[in-house]
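Peer 1: Here you go, this is upload_0.cif (mmCIF, C-alpha atoms).
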data_final
#
loop_
_atom_site.label_atom_id
_atom_site.label_comp_id
_atom_site.auth_asym_id
_atom_site.auth_seq_id
_atom_site.Cartn_x
_atom_site.Cartn_y
_atom_site.Cartn_z
CA MET I 1 32.59 1.16 -10.85
CA MET I 2 31.54 0.29 -7.30
CA ARG I 3 28.26 -1.61 -7.05
CA ASP I 4 25.78 -0.09 -4.57
CA LYS I 5 25.00 -2.51 -1.77
CA HIS I 6 21.43 -2.46 -0.60
CA ARG I 7 19.10 -3.93 1.99
CA TYR I 8 15.45 -5.01 1.73
CA LEU I 9 13.21 -4.46 4.76
CA LEU I 10 9.96 -6.30 5.41
CA VAL I 11 7.69 -3.80 7.15
CA GLU I 12 4.32 -4.40 8.77
CA ALA I 13 1.93 -1.51 9.42
CA SER I 14 -0.45 -1.49 12.37
CA SER I 15 -3.37 -0.83 10.01
CA ALA I 16 -4.08 -1.69 6.38
CA VAL I 17 -2.24 0.34 3.73
CA ARG I 18 -4.00 0.61 0.37
CA GLU I 19 -1.67 0.19 -2.60
CA ASP I 20 -3.74 2.66 -4.66
CA ASP I 21 -3.52 5.38 -1.95
CA ARG I 22 -1.49 8.04 -3.79
CA GLU I 23 -1.18 10.28 -0.73
CA PHE I 24 0.20 7.66 1.65
CA GLY I 25 3.63 7.14 -0.01
CA PRO I 26 4.69 10.82 -0.13
CA ALA I 27 3.31 11.38 3.40
CA LEU I 28 5.30 8.43 4.77
CA TYR I 29 8.43 9.65 2.95
CA ARG I 30 7.93 13.09 4.52
CA GLU I 31 7.66 11.62 8.03
CA LEU I 32 10.69 9.36 7.52
CA SER I 33 12.84 12.19 6.18
CA ARG I 34 11.82 14.29 9.20
CA CYS I 35 13.17 11.54 11.50
CA VAL I 36 16.31 10.74 9.50
CA GLY I 37 16.97 14.37 8.65
CA GLU I 38 16.61 15.79 5.14
CA ALA I 39 20.41 16.15 4.83
CA ASN I 40 20.89 12.43 5.59
CA MET I 41 17.97 11.05 3.61
CA HIS I 42 20.11 10.65 0.48
CA ARG I 43 22.17 8.00 2.32
CA VAL I 44 19.01 5.93 2.86
CA ASN I 45 18.14 6.01 -0.87
CA LEU I 46 14.65 4.77 -0.05
CA LYS I 47 12.58 2.89 -2.62
CA TYR I 48 9.19 1.23 -2.28
CA VAL I 49 9.46 -2.29 -3.74
CA LYS I 50 6.17 -4.13 -3.37
CA GLN I 51 3.13 -4.80 -1.26
CA VAL I 52 3.00 -8.29 0.27
CA ASP I 53 -0.45 -8.10 1.83
CA GLN I 54 -2.77 -5.38 3.14
CA LYS I 55 -0.49 -4.52 6.05
CA THR I 56 2.92 -5.72 4.88
CA PHE I 57 5.23 -4.22 2.27
CA VAL I 58 8.89 -4.29 1.20
CA LEU I 59 11.20 -1.26 1.23
CA LYS I 60 14.67 -1.05 -0.29
CA SER I 61 17.45 1.11 1.09
CA SER I 62 21.19 1.43 0.72
CA LEU I 63 23.24 -0.73 3.12
CA ASP I 64 24.67 2.36 4.83
CA GLY I 65 21.26 3.91 5.41
CA ALA I 66 19.35 0.80 6.46
CA ARG I 67 19.91 1.39 10.17
CA ASP I 68 18.63 4.97 9.89
CA LEU I 69 15.57 3.69 8.09
CA VAL I 70 14.84 1.04 10.76
CA LEU I 71 15.10 3.71 13.44
CA ALA I 72 12.91 6.16 11.53
CA LEU I 73 10.26 3.48 11.04
CA ALA I 74 10.23 2.94 14.82
CA LEU I 75 9.76 6.66 15.45
CA VAL I 76 6.98 7.39 12.95
CA LYS I 77 3.62 7.03 14.69
CA ARG I 78 1.38 9.26 12.60
CA VAL I 79 0.95 9.60 8.85
CA ASN I 80 -1.55 11.92 7.20
CA GLY I 81 -3.13 12.69 10.58
CA ALA I 82 -3.88 9.03 11.36
CA ASP I 83 -2.20 6.97 14.10
CA ILE I 84 -0.12 4.20 12.54
CA ALA I 85 2.97 2.22 13.58
CA PHE I 86 5.53 0.42 11.42
CA TYR I 87 7.31 -2.70 12.59
CA THR I 88 10.48 -3.84 10.79
CA LEU I 89 10.02 -7.59 10.77
CA LYS I 90 13.03 -8.66 8.72
CA SER I 91 16.00 -7.32 6.86
CA SER I 92 17.92 -9.07 4.10
CA GLY I 93 20.13 -8.53 1.06
CA THR I 94 17.72 -10.34 -1.29
CA ILE I 95 13.94 -10.32 -1.65
CA LYS I 96 13.91 -14.13 -1.86
CA ALA I 97 15.54 -14.50 1.56
CA LEU I 98 13.37 -11.70 2.97
CA LEU I 99 10.11 -13.38 2.00
CA SER I 100 11.22 -16.87 3.02
CA SER I 101 10.08 -18.10 6.42
CA GLY I 102 13.63 -18.25 7.80
CA PRO I 103 14.93 -16.28 10.78
CA ALA I 104 15.26 -12.50 10.62
CA VAL I 105 18.65 -11.12 9.63
CA ASP I 106 19.66 -7.62 10.62
CA MET G 1 19.91 -15.61 20.18
CA ASP G 2 16.46 -15.27 21.81
CA PHE G 3 15.06 -11.79 22.35
CA TYR G 4 12.61 -10.58 24.99
CA ASP G 5 10.59 -7.42 25.54
CA ILE G 6 8.65 -5.99 28.47
CA VAL G 7 5.38 -4.10 28.00
CA SER G 8 2.91 -2.30 30.22
CA GLU G 9 -0.10 -4.18 31.61
CA THR G 10 -2.48 -2.25 29.31
CA CYS G 11 -0.75 -3.49 26.14
CA ALA G 12 -2.63 -6.24 24.29
CA PHE G 13 -1.01 -8.50 21.67
CA ASP G 14 -1.29 -12.07 20.42
CA ASP G 15 1.34 -14.79 20.01
CA GLY G 16 1.43 -14.45 16.22
CA PHE G 17 2.30 -10.77 16.48
CA ARG G 18 4.97 -11.53 19.12
CA GLU G 19 6.56 -14.08 16.79
CA ARG G 20 6.52 -11.70 13.83
CA LEU G 21 8.27 -9.05 15.96
CA GLY G 22 11.02 -11.61 16.62
CA PHE G 23 10.59 -12.08 20.38
CA LYS G 24 10.65 -15.43 22.15
CA ASN G 25 8.56 -13.90 24.92
CA ILE G 26 7.09 -10.52 25.78
CA PHE G 27 6.70 -10.03 29.53
CA THR G 28 3.85 -7.94 30.89
CA VAL G 29 4.28 -5.69 33.92
CA ASN G 30 2.09 -6.75 36.88
CA LYS G 31 1.48 -10.09 35.20
CA ASP G 32 4.93 -11.60 34.63
CA VAL G 33 6.90 -9.11 36.71
CA MET G 34 5.49 -7.19 39.67
CA ALA G 35 5.78 -3.41 39.62
CA VAL G 36 6.19 -1.22 42.66
CA GLY G 37 5.99 2.55 42.60
CA ALA G 38 6.37 5.58 44.79
CA GLY G 39 5.32 5.05 48.39
CA ARG G 40 5.07 1.27 48.09
CA GLY G 41 8.07 -0.83 48.99
CA PRO G 42 8.68 -4.39 47.87
CA SER G 43 6.92 -6.74 50.26
CA ALA G 44 7.93 -10.30 51.07
CA ASP G 45 5.19 -11.81 48.89
CA ILE G 46 6.14 -9.72 45.83
CA GLY G 47 9.78 -10.77 45.85
CA VAL G 48 11.86 -9.59 42.90
CA CYS G 49 10.16 -6.84 40.96
CA ILE G 50 10.64 -3.73 38.90
CA ALA G 51 10.31 -0.30 40.49
CA PHE G 52 9.08 2.77 38.63
CA GLY G 53 9.44 6.30 39.86
CA ARG G 54 11.51 9.39 40.41
CA PRO G 55 15.01 9.02 41.92
CA GLN G 56 14.04 10.18 45.44
CA ASN G 57 11.32 7.51 45.61
CA LEU G 58 13.45 4.76 44.11
CA LEU G 59 16.35 4.96 46.59
CA PRO G 60 14.63 3.08 49.47
CA LEU G 61 13.37 0.45 47.00
CA VAL G 62 16.87 -0.14 45.61
CA LYS G 63 18.29 -0.41 49.13
CA GLY G 64 15.40 -2.76 49.95
CA GLY G 65 16.60 -5.22 47.32
CA VAL G 66 14.42 -4.56 44.28
CA GLY G 67 15.75 -6.40 41.20
CA SER G 68 15.41 -3.70 38.58
CA VAL G 69 14.45 -0.04 38.37
CA ALA G 70 13.07 2.25 35.69
CA ILE G 71 13.64 5.96 36.34
CA THR G 72 10.56 7.60 34.85
CA ASP G 73 12.09 11.01 34.12
CA SER G 74 15.62 9.69 33.22
CA TYR G 75 17.08 12.10 35.79
CA ILE G 76 20.59 11.19 37.01
CA ASP G 77 20.79 11.09 40.80
CA LYS G 78 24.32 10.21 41.92
CA GLU G 79 23.24 8.63 45.24
CA LEU G 80 20.67 6.46 43.51
CA MET G 81 23.08 5.42 40.75
CA GLU G 82 25.69 4.39 43.32
CA ALA G 83 23.05 2.39 45.23
CA ILE G 84 21.97 0.68 41.98
CA SER G 85 25.60 -0.19 41.26
CA GLU G 86 26.28 -1.51 44.79
CA ASN G 87 23.11 -3.65 44.86
CA GLY G 88 23.67 -5.17 41.40
CA CYS G 89 20.30 -3.83 40.29
CA ILE G 90 19.42 -3.66 36.57
CA LEU G 91 18.50 -0.23 35.18
CA CYS G 92 15.59 -0.57 32.78
CA MET G 93 15.21 2.05 30.03
CA PRO G 94 11.66 2.42 28.74
CA MET G 95 11.91 3.17 25.01
CA VAL G 96 8.30 4.35 24.99
CA SER G 97 9.49 7.74 26.22
CA ILE G 98 11.31 8.14 22.88
CA THR G 99 8.72 6.56 20.60
CA SER G 100 5.69 8.28 22.14
CA SER G 101 7.10 11.82 22.27
CA TYR G 102 7.54 14.21 19.38
CA GLY G 103 9.80 17.06 18.25
CA GLN G 104 11.72 18.92 20.92
CA GLU G 105 10.40 16.70 23.73
CA ARG G 106 11.69 13.60 21.89
CA VAL G 107 15.11 15.21 21.35
CA ARG G 108 15.25 16.05 25.07
CA ASN G 109 14.31 12.48 26.05
CA ILE G 110 16.99 10.99 23.76
CA TYR G 111 19.59 13.34 25.25
CA LYS G 112 18.61 12.51 28.86
CA MET G 113 18.53 8.77 28.19
CA SER G 114 21.92 8.78 26.44
CA LYS G 115 23.45 10.64 29.41
CA LEU G 116 21.81 8.21 31.84
CA PHE G 117 23.05 5.23 29.81
CA SER G 118 26.65 6.43 29.62
CA HIS G 119 26.68 7.31 33.36
CA ALA G 120 25.25 3.89 34.25
CA ARG G 121 27.77 1.99 32.12
CA LYS G 122 30.66 3.97 33.66
CA LEU G 123 29.49 2.71 37.08
CA GLY G 124 29.24 -0.85 35.75
CA ILE G 125 25.43 -0.94 35.94
CA GLU G 126 23.67 -3.35 33.56
CA VAL G 127 21.10 -1.53 31.41
CA SER G 128 18.10 -3.24 29.87
CA PHE G 129 16.19 -1.74 26.93
CA ALA G 130 12.49 -2.54 26.84
CA SER G 131 9.67 -0.94 24.91
CA MET G 132 7.32 -0.69 27.99
CA ALA G 133 4.60 0.03 25.45
CA LYS G 134 1.14 0.92 26.76
CA THR G 135 -0.52 0.00 23.46
CA ALA G 136 0.50 -2.08 20.42
CA LEU G 137 1.17 1.19 18.55
CA TYR G 138 4.30 1.72 20.65
CA MET G 139 5.59 -1.84 20.47
CA ASN G 140 8.76 -2.50 18.44
CA SER G 141 10.30 -5.43 16.67
CA TYR G 142 13.62 -6.63 18.09
CA ILE G 143 15.43 -5.04 15.12
CA GLN G 144 13.87 -1.67 16.00
CA LEU G 145 14.67 -2.12 19.71
CA ILE G 146 18.35 -2.66 18.80
CA ALA G 147 18.26 0.52 16.65
CA LEU G 148 16.72 2.48 19.56
CA ALA G 149 19.38 1.14 21.96
CA ARG G 150 22.08 2.29 19.52
CA LEU G 151 20.42 5.70 19.43
CA VAL G 152 21.08 6.20 23.15
CA GLY G 153 24.69 5.06 22.87
CA ALA G 154 24.79 1.26 23.16
CA ASP G 155 26.97 -0.64 20.72
CA ASP G 156 25.47 -3.50 18.71
CA GLY G 157 26.81 -6.26 20.98
CA TYR G 158 25.59 -4.65 24.21
CA ALA G 159 22.18 -3.84 22.68
CA ARG G 160 21.71 -7.52 21.78
CA HIS G 161 22.90 -8.69 25.22
CA SER G 162 20.50 -6.24 26.85
CA ILE G 163 17.46 -7.22 24.78
CA SER G 164 18.11 -10.93 25.16
CA GLU G 165 19.74 -11.74 28.50
CA LEU G 166 18.89 -8.67 30.62
CA ASN G 167 15.26 -8.38 29.48
CA ARG G 168 14.80 -12.09 30.24
CA ARG G 169 16.20 -11.58 33.73
CA VAL G 170 14.06 -8.49 34.41
CA GLY G 171 10.89 -9.97 32.91
CA SER G 172 11.15 -13.36 34.59
CA GLY G 173 12.07 -11.91 37.99
CA MET G 174 15.60 -13.35 37.93
CA ALA G 175 17.29 -9.93 38.20
#
Let me see whether you can do it: turn the structure in this file into structure tokens.

Peer 2:
Amino acid sequence: MMRDKHRYLLVEASSAVREDDREFGPALYRELSRCVGEANMHRVNLKYVKQVDQKTFVLKSSLDGARDLVLALALVKRVNGADIAFYTLKSSGTIKALLSSGPAVD
Amino acid sequence: MDFYDIVSETCAFDDGFRERLGFKNIFTVNKDVMAVGAGRGPSADIGVCIAFGRPQNLLPLVKGGVGSVAITDSYIDKELMEAISENGCILCMPMVSITSSYGQERVRNIYKMSKLFSHARKLGIEVSFASMAKTALYMNSYIQLIALARLVGADDGYARHSISELNRRVGSGMA
């Protein structure tokens, strides 16, 4: 069986994102799938991994869909009626490398 | 490889944020690189600068020796494109027109910019991709800028060359 290759993205939001905000996750997913296209969203295979600090969190996607996800994050500027931007700071195959202070890999 | 971005003069950011976005430097229009617009030609004291405007206004500026141009409405004017090619001018593509628009307007902007990019490359014109953000909301990390460049038709190698070498030349007035 082929092993799915994936990519972890370190994403910073322009304003604080509360981990306990139950509406934020589905709203962000909705905006991202609008940019990627609902028919292509399965290729991204998006998963929320963890919150690093108030503004920074880690997302996981399939290797094939990582580029679509980076682009969609650049295009989303509004979630739940509030202005917000997402900056993809780093991309890596492992969480350890992603959270290390080394150079960004894309 | 070092990456550079160019933003509008109204965009405020600190060095920590610039580093997190992965840029060695972010140049600011009218601070690091002088901007000239419609009706104002490059003067001797301005030197190399970036010109913003519609094609009909940009033609005299390109012939006057301006280093780089940004066509605000992404309209392809054959005479202007030939002048840009002959003068070795860099065509700057402001990604803010994609990131700040929405829906049908965004689709239209992507289409126009991809046509402009492919036409420019056929003529051998160097194309730089810069965010030209007016606020921090429309700034991008270098990874996102590469993804946006790919969206309008650049391959990975050219996108990286554009965001590193060409943005440095445009931003530091070496174009």

Peer 1: Find, counting all atoms listed in the file, the residue in G:Val170, G:Val96, G:Ile163, G:Val33 that gets nearest to chain I.

Peer 2: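 Closest candidate: G:Val96.
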
Peer 1: Evaluating the PyMOL selection byres ((chain G) within 8 of (chain I)) on the displayed file yields which residues, as a list of chain:residue names?

Peer 2: G:Arg20, G:Leu21, G:Gly22, G:Ile98, G:Thr99, G:Ser100, G:Leu137, G:Tyr138, G:Asn140, G:Ser141, G:Ile143, G:Gln144, G:Ala147, G:Leu148

Peer 1: Using all atoms listed in the file, which of I:Gly93, I:Ala16, I:Leu28, I:Asp4 sits nearest Gln51 in chain I?

Peer 2: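 Under the stated criterion, the closest residue is I:Ala16.
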
Peer 1: Using only C-alpha atoms, which of G:Val7, G:Val152, G:Ala133, G:Ile26 sits nearest Met113 in chain G?

Peer 2: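 Distance minimum relative to Met113 in chain G lands on G:Val152.
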
Peer 1: Which residue out of I:Gln54, I:Asn80, I:Ser92, I:Ser62 has the minimum interatomic distance to Arg30 in chain I when only C-alpha atoms are used?

Peer 2: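 Smallest separation from Arg30 in chain I among the options: I:Asn80.
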
Peer 1: Give me, please, the distance in Å between CA of Ser114 in chain G and CA of Ser97 in chain G, quoted to one decimal.

Peer 2: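 Computing the Euclidean distance for CA of Ser114 in chain G and CA of Ser97 in chain G yields 12.5 Å.
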
Peer 1: Please expand the PyMOL selection byres ((chain G and resi 109-112) around 12) into the concrete residues it hits in this file, giving the result as a PyMOL selection string.

Peer 2: (chain I and resi 75) or (chain G and resi 71-76+93-108+113-119+148-153)

Peer 1: How far is it from CA of Asn57 in chain G to CA of Ser164 in chain G, in Å with one decimal?

Peer 2: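 Spanning CA of Asn57 in chain G to CA of Ser164 in chain G is a straight-line distance of 28.4 Å.
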
Peer 1: Calculated over only C-alpha atoms, which of the candidates I:Asp53, I:Arg43, I:Ser61, I:Ser101 has the smallest distance to Glu19 in chain G?

Peer 2: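 Going through I:Asp53, I:Arg43, I:Ser61, I:Ser101 one by one, the smallest distance to Glu19 in chain G is for I:Ser101.
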
Peer 1: Apply the PyMOL selection byres ((chain G and resi 50) around 8) to the file shown and report the selected residues as a VMD selection string.

Peer 2: chain G and resid 33 to 36 48 to 49 51 to 52 66 to 70 170

Peer 1: Measuring atom to atom with all atoms listed in the file, identify which of G:Ala120, G:Cys11, G:Ala130, G:Leu61 is nearest to Cys92 in chain G.

Peer 2: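 Closest to Cys92 in chain G, using all atoms listed in the file: G:Ala130.
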
Peer 1: Which distance in Å separates CA of Tyr4 in chain G and CA of Arg54 in chain G, to one decimal?

Peer 2: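 Separation between CA of Tyr4 in chain G and CA of Arg54 in chain G: 25.3 Å.
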
Peer 1: Could you list as a PDB file with C-alpha atoms, keeping the file's coordinate frame every residue that has an atom within 6 Å of (15.8, 1.2, -2.4), using the file's coordinates and counting all atoms listed in the file?

Peer 2:
ATOM      1  CA  ASN I  45      18.140   6.010  -0.870  1.00  0.00           C
ATOM      2  CA  LEU I  46      14.650   4.770  -0.050  1.00  0.00           C
ATOM      3  CA  LYS I  47      12.580   2.890  -2.620  1.00  0.00           C
ATOM      4  CA  LYS I  60      14.670  -1.050  -0.290  1.00  0.00           C
ATOM      5  CA  SER I  61      17.450   1.110   1.090  1.00  0.00           C
TER       6      SER I  61
END
